[in-house]
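The next block is input_5.txt, given as compact mmCIF, C-alpha atoms and all ligand atoms.
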```txt
# COMPACT_ATOMS: atom_id res chain seq x y z
CA MET A 363 -11.04 2.60 -5.87
CA LYS A 364 -11.01 5.54 -8.28
CA GLY A 365 -8.41 5.70 -11.03
CA ILE A 366 -7.16 9.12 -9.89
CA VAL A 367 -5.83 7.44 -6.73
CA PHE A 368 -3.80 5.03 -8.91
CA THR A 369 -2.60 7.54 -11.51
CA GLU A 370 -1.39 9.98 -8.86
CA PHE A 371 0.20 7.17 -6.88
CA LEU A 372 2.24 5.95 -9.86
CA GLU A 373 3.16 9.55 -10.68
CA LEU A 374 4.58 10.04 -7.18
CA VAL A 375 6.40 6.69 -7.25
CA GLU A 376 8.02 7.73 -10.52
CA GLN A 377 8.99 11.12 -9.08
CA LYS A 378 10.51 9.66 -5.92
CA PHE A 379 11.93 6.32 -7.06
CA GLY A 380 12.07 6.44 -10.86
CA LEU A 381 10.34 4.75 -13.77
CA GLU A 382 12.19 1.47 -13.24
CA VAL A 383 10.56 1.04 -9.82
CA VAL A 384 7.13 1.83 -11.33
CA ASP A 385 7.65 -0.85 -13.99
CA ASP A 386 9.00 -3.29 -11.42
CA ILE A 387 6.07 -3.03 -8.98
CA ILE A 388 3.52 -3.20 -11.81
CA GLU A 389 5.16 -6.35 -13.13
CA LYS A 390 5.36 -8.03 -9.72
CA SER A 391 1.76 -7.11 -8.83
CA ASN A 392 0.13 -9.18 -11.60
CA LEU A 393 -2.65 -6.64 -12.01
CA PRO A 394 -5.95 -7.33 -13.81
CA SER A 395 -5.64 -3.78 -15.24
CA GLN A 396 -1.99 -4.43 -16.15
CA GLY A 397 -1.22 -1.09 -14.51
CA VAL A 398 -3.09 0.93 -17.12
CA TYR A 399 -5.35 3.40 -15.30
CA THR A 400 -7.53 6.34 -16.32
CA SER A 401 -8.34 8.91 -13.69
CA ILE A 402 -12.13 8.46 -13.99
CA GLY A 403 -12.03 4.64 -14.13
CA THR A 404 -12.63 2.37 -11.13
CA TYR A 405 -10.32 -0.47 -10.15
CA ASP A 406 -10.15 -3.06 -7.45
CA PHE A 407 -8.63 -1.90 -4.17
CA SER A 408 -6.59 -5.12 -4.12
CA GLU A 409 -4.54 -3.64 -6.99
CA MET A 410 -3.49 -0.73 -4.76
CA LEU A 411 -2.65 -3.14 -1.96
CA SER A 412 -0.46 -5.18 -4.31
CA LEU A 413 1.36 -2.10 -5.61
CA LEU A 414 1.92 -0.83 -2.05
CA THR A 415 3.16 -4.21 -0.85
CA HIS A 416 5.73 -4.49 -3.64
CA LEU A 417 6.81 -0.87 -3.26
CA SER A 418 7.25 -1.45 0.45
CA GLU A 419 9.37 -4.54 -0.22
CA SER A 420 11.56 -2.77 -2.71
CA THR A 421 12.04 0.47 -0.73
CA LYS A 422 11.98 -1.03 2.80
CA ILE A 423 9.50 1.71 3.75
CA SER A 424 6.41 0.48 5.63
CA ILE A 425 3.03 0.57 3.89
CA ASP A 426 1.78 2.96 6.59
CA ASP A 427 4.60 5.42 5.88
CA LEU A 428 4.07 5.09 2.13
CA LEU A 429 0.35 5.88 2.60
CA LEU A 430 1.17 8.87 4.80
CA VAL A 431 3.52 10.40 2.24
CA TYR A 432 1.17 9.58 -0.59
CA ALA A 433 -1.76 11.28 1.18
CA GLU A 434 0.31 14.44 1.61
CA HIS A 435 0.82 14.47 -2.15
CA PHE A 436 -2.84 13.59 -2.79
CA PHE A 437 -4.08 16.55 -0.75
CA ALA A 438 -2.42 18.91 -3.25
CA VAL A 439 -4.15 17.02 -6.08
CA LEU A 440 -7.53 17.38 -4.36
CA ALA A 441 -6.94 21.05 -3.59
CA THR A 442 -6.09 21.73 -7.25
CA SER A 443 -8.89 19.58 -8.68
CA TYR A 444 -11.66 20.65 -6.28
CA PRO A 445 -10.72 24.12 -4.99
CA GLY A 446 -14.39 25.01 -4.48
CA LEU A 447 -14.82 22.28 -1.89
CA ILE A 448 -11.97 23.51 0.28
CA GLU A 449 -12.53 27.26 -0.21
CA GLN A 450 -15.79 27.02 1.70
CA TYR A 451 -13.83 26.50 4.89
CA ASN A 452 -11.71 28.88 6.89
CA ASP A 453 -10.77 26.58 9.72
CA PRO A 454 -9.17 23.09 9.65
CA ILE A 455 -11.29 21.62 12.47
CA GLU A 456 -14.43 22.82 10.70
CA MET A 457 -13.25 21.25 7.44
CA LEU A 458 -12.33 17.89 9.01
CA ALA A 459 -15.64 17.76 10.87
CA SER A 460 -17.37 18.19 7.49
CA ILE A 461 -15.73 15.36 5.53
CA GLU A 462 -18.55 12.96 6.29
CA ASN A 463 -21.60 15.16 5.77
CA HIS A 464 -20.33 17.53 3.11
CA ILE A 465 -16.99 16.87 1.38
CA HIS A 466 -17.36 13.17 0.71
CA VAL A 467 -21.06 13.67 -0.04
CA GLU A 468 -20.00 15.93 -2.91
CA VAL A 469 -17.38 13.35 -3.95
CA ILE A 470 -20.09 10.70 -4.30
CA LYS A 471 -22.02 13.08 -6.59
CA ILE A 472 -18.93 13.37 -8.82
CA TYR A 473 -17.94 9.68 -8.59
CA PRO A 474 -20.99 7.59 -7.63
CA ASP A 475 -18.81 4.48 -7.31
CA ALA A 476 -16.18 6.02 -5.01
CA GLU A 477 -15.32 3.86 -2.00
CA LEU A 478 -15.11 6.23 0.93
CA PRO A 479 -14.51 5.79 4.64
CA THR A 480 -16.95 6.99 7.28
CA PHE A 481 -16.01 9.43 10.04
CA GLU A 482 -18.18 9.42 13.13
CA ILE A 483 -17.74 12.52 15.28
CA LEU A 484 -17.62 11.78 19.00
CA GLU A 485 -16.65 15.17 20.35
CA ARG A 486 -15.99 18.59 18.89
CA THR A 487 -14.82 21.86 20.41
CA GLU A 488 -13.40 24.97 18.75
CA ASN A 489 -9.87 23.55 18.89
CA SER A 490 -10.31 19.80 19.06
CA LEU A 491 -12.07 16.97 17.32
CA ILE A 492 -12.42 13.31 18.17
CA MET A 493 -13.74 11.04 15.47
CA ILE A 494 -13.80 7.39 14.48
CA TYR A 495 -12.56 6.36 11.07
CA LYS A 496 -14.19 3.24 9.64
CA SER A 497 -13.26 1.59 6.37
CA SER A 498 -12.65 -1.94 5.16
CA ARG A 499 -9.60 -0.53 3.37
CA ALA A 500 -7.82 0.41 6.63
CA MET A 501 -6.27 3.52 5.08
CA HIS A 502 -6.01 5.42 8.36
CA TYR A 503 -2.47 6.58 7.58
CA PHE A 504 -3.85 8.04 4.37
CA GLY A 505 -6.37 9.91 6.53
CA LEU A 506 -3.58 11.11 8.82
CA GLY A 507 -1.63 12.52 5.86
CA LEU A 508 -4.72 14.35 4.55
CA MET A 509 -5.38 15.76 8.01
CA ASN A 510 -1.77 17.00 8.39
CA LYS A 511 -2.07 18.80 5.08
CA THR A 512 -5.46 20.23 5.98
CA PHE A 513 -3.87 21.99 8.97
CA GLU A 514 -0.93 23.13 6.87
CA HIS A 515 -3.33 24.52 4.27
CA PHE A 516 -4.77 26.86 6.93
CA ASN A 517 -1.27 27.75 8.23
CA SER A 518 -2.03 25.82 11.35
CA SER A 519 -0.80 22.64 13.01
CA ALA A 520 -2.14 19.98 15.35
CA GLU A 521 -1.31 16.99 17.44
CA ILE A 522 -3.10 13.98 15.95
CA ILE A 523 -3.21 10.74 17.92
CA MET A 524 -4.51 7.55 16.31
CA LYS A 525 -5.82 4.72 18.47
CA LYS A 526 -6.71 1.49 16.73
CA LEU A 527 -10.10 0.20 17.86
CA LYS A 528 -9.62 -2.86 15.66
CA GLU A 529 -6.21 -4.44 15.25
CA ASP A 530 -6.55 -4.58 11.44
CA GLY A 531 -6.99 -0.79 11.26
CA THR A 532 -10.54 -0.88 9.93
CA GLN A 533 -11.68 1.22 12.94
CA VAL A 534 -9.40 3.91 14.28
CA LYS A 535 -10.06 6.74 16.72
CA PHE A 536 -8.50 10.10 15.75
CA ILE A 537 -7.87 12.54 18.59
CA ILE A 538 -7.05 15.89 17.00
CA THR A 539 -5.93 18.91 19.01
CA LYS A 540 -5.05 22.18 17.33
CA ASN A 541 -1.73 23.65 18.54
C1 LIG B 601 -11.62 18.44 -1.11
C2 LIG B 601 -11.43 17.50 -0.23
C3 LIG B 601 -11.54 16.01 -0.51
C4 LIG B 601 -11.92 15.36 -1.63
C5 LIG B 601 -12.33 15.94 -2.99
C6 LIG B 601 -11.81 13.92 -1.36
C7 LIG B 601 -12.02 12.92 -2.27
C8 LIG B 601 -11.67 11.60 -2.10
C9 LIG B 601 -11.59 10.61 -3.15
C10 LIG B 601 -11.87 10.87 -4.65
C11 LIG B 601 -11.19 9.45 -2.59
C12 LIG B 601 -10.96 8.10 -3.32
C13 LIG B 601 -12.22 7.27 -3.36
C14 LIG B 601 -12.05 6.00 -4.16
O1 LIG B 601 -10.95 5.63 -4.46
O2 LIG B 601 -13.05 5.34 -4.53
C15 LIG B 601 -11.03 9.70 -1.16
C16 LIG B 601 -10.66 8.74 -0.26
C17 LIG B 601 -10.39 9.02 1.06
N1 LIG B 601 -10.60 10.21 1.73
FE1 LIG B 601 -11.23 11.95 0.90
N2 LIG B 601 -11.43 13.74 -0.06
C18 LIG B 601 -11.24 14.99 0.49
C19 LIG B 601 -10.82 15.28 1.74
C20 LIG B 601 -10.51 14.33 2.69
C21 LIG B 601 -9.96 14.66 3.98
C22 LIG B 601 -9.66 16.07 4.51
C23 LIG B 601 -9.79 13.50 4.62
C24 LIG B 601 -9.24 13.43 6.01
C25 LIG B 601 -9.18 12.43 6.77
C26 LIG B 601 -10.23 12.41 3.73
C27 LIG B 601 -10.17 11.06 3.98
C28 LIG B 601 -10.17 10.06 3.01
C29 LIG B 601 -9.69 8.71 3.21
C30 LIG B 601 -9.12 8.14 4.51
C31 LIG B 601 -9.83 8.04 1.97
C32 LIG B 601 -9.40 6.60 1.62
C33 LIG B 601 -10.53 5.63 1.45
C34 LIG B 601 -10.81 4.81 2.69
O3 LIG B 601 -10.13 5.01 3.75
O4 LIG B 601 -11.73 3.97 2.66
N3 LIG B 601 -10.65 12.97 2.57
N4 LIG B 601 -11.35 11.01 -0.89
```

Render the structure in this file as structure tokens.
Amino acid sequence: MKGIVFTEFLELVEQKFGLEVVDDIIEKSNLPSQGVYTSIGTYDFSEMLSLLTHLSESTKISIDDLLLVYAEHFFAVLATSYPGLIEQYNDPIEMLASIENHIHVEVIKIYPDAELPTFEILERTENSLIMIYKSSRAMHYFGLGLMNKTFEHFNSSAEIIMKKLKEDGTQVKFIITKN
């Protein structure tokens, strides 16, 4: 997992819960990196899982909810860091349908070792999109947060239903309908 995901995560934790909580979860997580991340580095996903688990224990907020809120913050980071990628789109459905064959393809060019999910499109109309998220990291709530913000970015909104195809969240169907 890319360092930018860790640095921005710890930044948000500090903003919302304070530096003491950042120090506390780093200490409890016993991290190989010791919690020292650079945005272009690459670190084991298990470090993120450890940090999330301890943050969830200390705040009593579920990991899914933490990932959702974090993704909403991360969208702003992506939009600021890679404005060119988003500016090519003028519609949220069009943008979401292009994650797999355009956006994340560009991401791999920037970070060849990025660990990305796959999105398989099952059905697409002007105002709806059904796709299957697949990733061993089971970050579907992170996907949901990014999708919410994608609609907001285009001053739009949608109903997004997630249906787990695998209990562990490694395969999830997203049914997206623009309001
Ligand atoms: C400009 C737009 C975007 C950029 C630059 C971008 C870039 C990235 C980067 C750098 C990561 C981390 C990879 C790693 O840690 O190795 C990531 C992960 C991810 N991205 Fe994107 N992304 C964009 C848009 C989106 C959107 C709109 C979605 C909507 C669903 C999405 C879904 C995800 C998910 C779910 C992950 C977590 C990894 C996983 O589930 O396996 N991305 N993306």

> How would you write, as number ranges by chain, the set of residues no farther than 8 Å from ligand LIG 601 (chain B) when counting all atoms listed in the file?
Replying inline: A: 363-367, 404, 407, 437, 440-441, 443-448, 457-458, 461, 465-466, 468-469, 473, 475-480, 495-509, 512

> Can you tell me how far atom CA of Val383 of chain A sits from atom CA of Lys422 of chain A, in Å to one decimal?
Replying inline: 12.9 Å

>> At a cut-off of 10 Å, using only C-alpha atoms, what residues contact Lys526 of chain A? Leave out same-chain residues fewer than 6 positions from it and give the result as a ChimeraX atom specification.
In response: /A:494-495,502,532-536

>> The residues within 7 Å of (1.0, 3.4, 0.6), using all atoms listed in the file and the coordinates of the file, should be reported as a list in words; which are they?
In response: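 Here the neighbourhood of the point contains Leu414, Ile425, Asp426, Asp427, Leu428, Leu429, Leu430 and Tyr432 of chain A.
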
Could you dump the residues just selected with C-alpha atoms as a compact mmCIF listing (two decimals), keeping the file's coordinate frame?
```
# COMPACT_ATOMS: atom_id res chain seq x y z
CA LEU A 414 1.92 -0.83 -2.05
CA ILE A 425 3.03 0.57 3.89
CA ASP A 426 1.78 2.96 6.59
CA ASP A 427 4.60 5.42 5.88
CA LEU A 428 4.07 5.09 2.13
CA LEU A 429 0.35 5.88 2.60
CA LEU A 430 1.17 8.87 4.80
CA TYR A 432 1.17 9.58 -0.59
```

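Of the listed residues A:Ser408, A:Ser391, A:Asn510, A:Asn541, the one whose atoms come nearest to Glu434 of chain A is A:Asn510, with distances taken using only C-alpha atoms.
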
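Around Leu484 of chain A, within 9 Å and counting all atoms listed in the file, the residues found are Glu482, Arg486, Leu491, Ile492, Met493 and Ile494 of chain A, once anything fewer than 2 positions away on its own chain is removed.
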
Would you mind exporting the chosen residues as a PDB file, in the frame of the given file, restricted to C-alpha atoms?
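Final output, out.pdb:
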```pdb
ATOM      1  CA  GLU A 482     -18.180   9.420  13.130  1.00  0.00           C
ATOM      2  CA  ARG A 486     -15.990  18.590  18.890  1.00  0.00           C
ATOM      3  CA  LEU A 491     -12.070  16.970  17.320  1.00  0.00           C
ATOM      4  CA  ILE A 492     -12.420  13.310  18.170  1.00  0.00           C
ATOM      5  CA  MET A 493     -13.740  11.040  15.470  1.00  0.00           C
ATOM      6  CA  ILE A 494     -13.800   7.390  14.480  1.00  0.00           C
TER       7      ILE A 494
END
```

> Looking at all atoms listed in the file, which of A:Phe368, A:Phe513, A:Ser420, A:Glu373 is the one that sits closest to Asp406 of chain A?
Replying inline: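 Looking only at the distances to Asp406 of chain A, the closest residue turns out to be A:Phe368.
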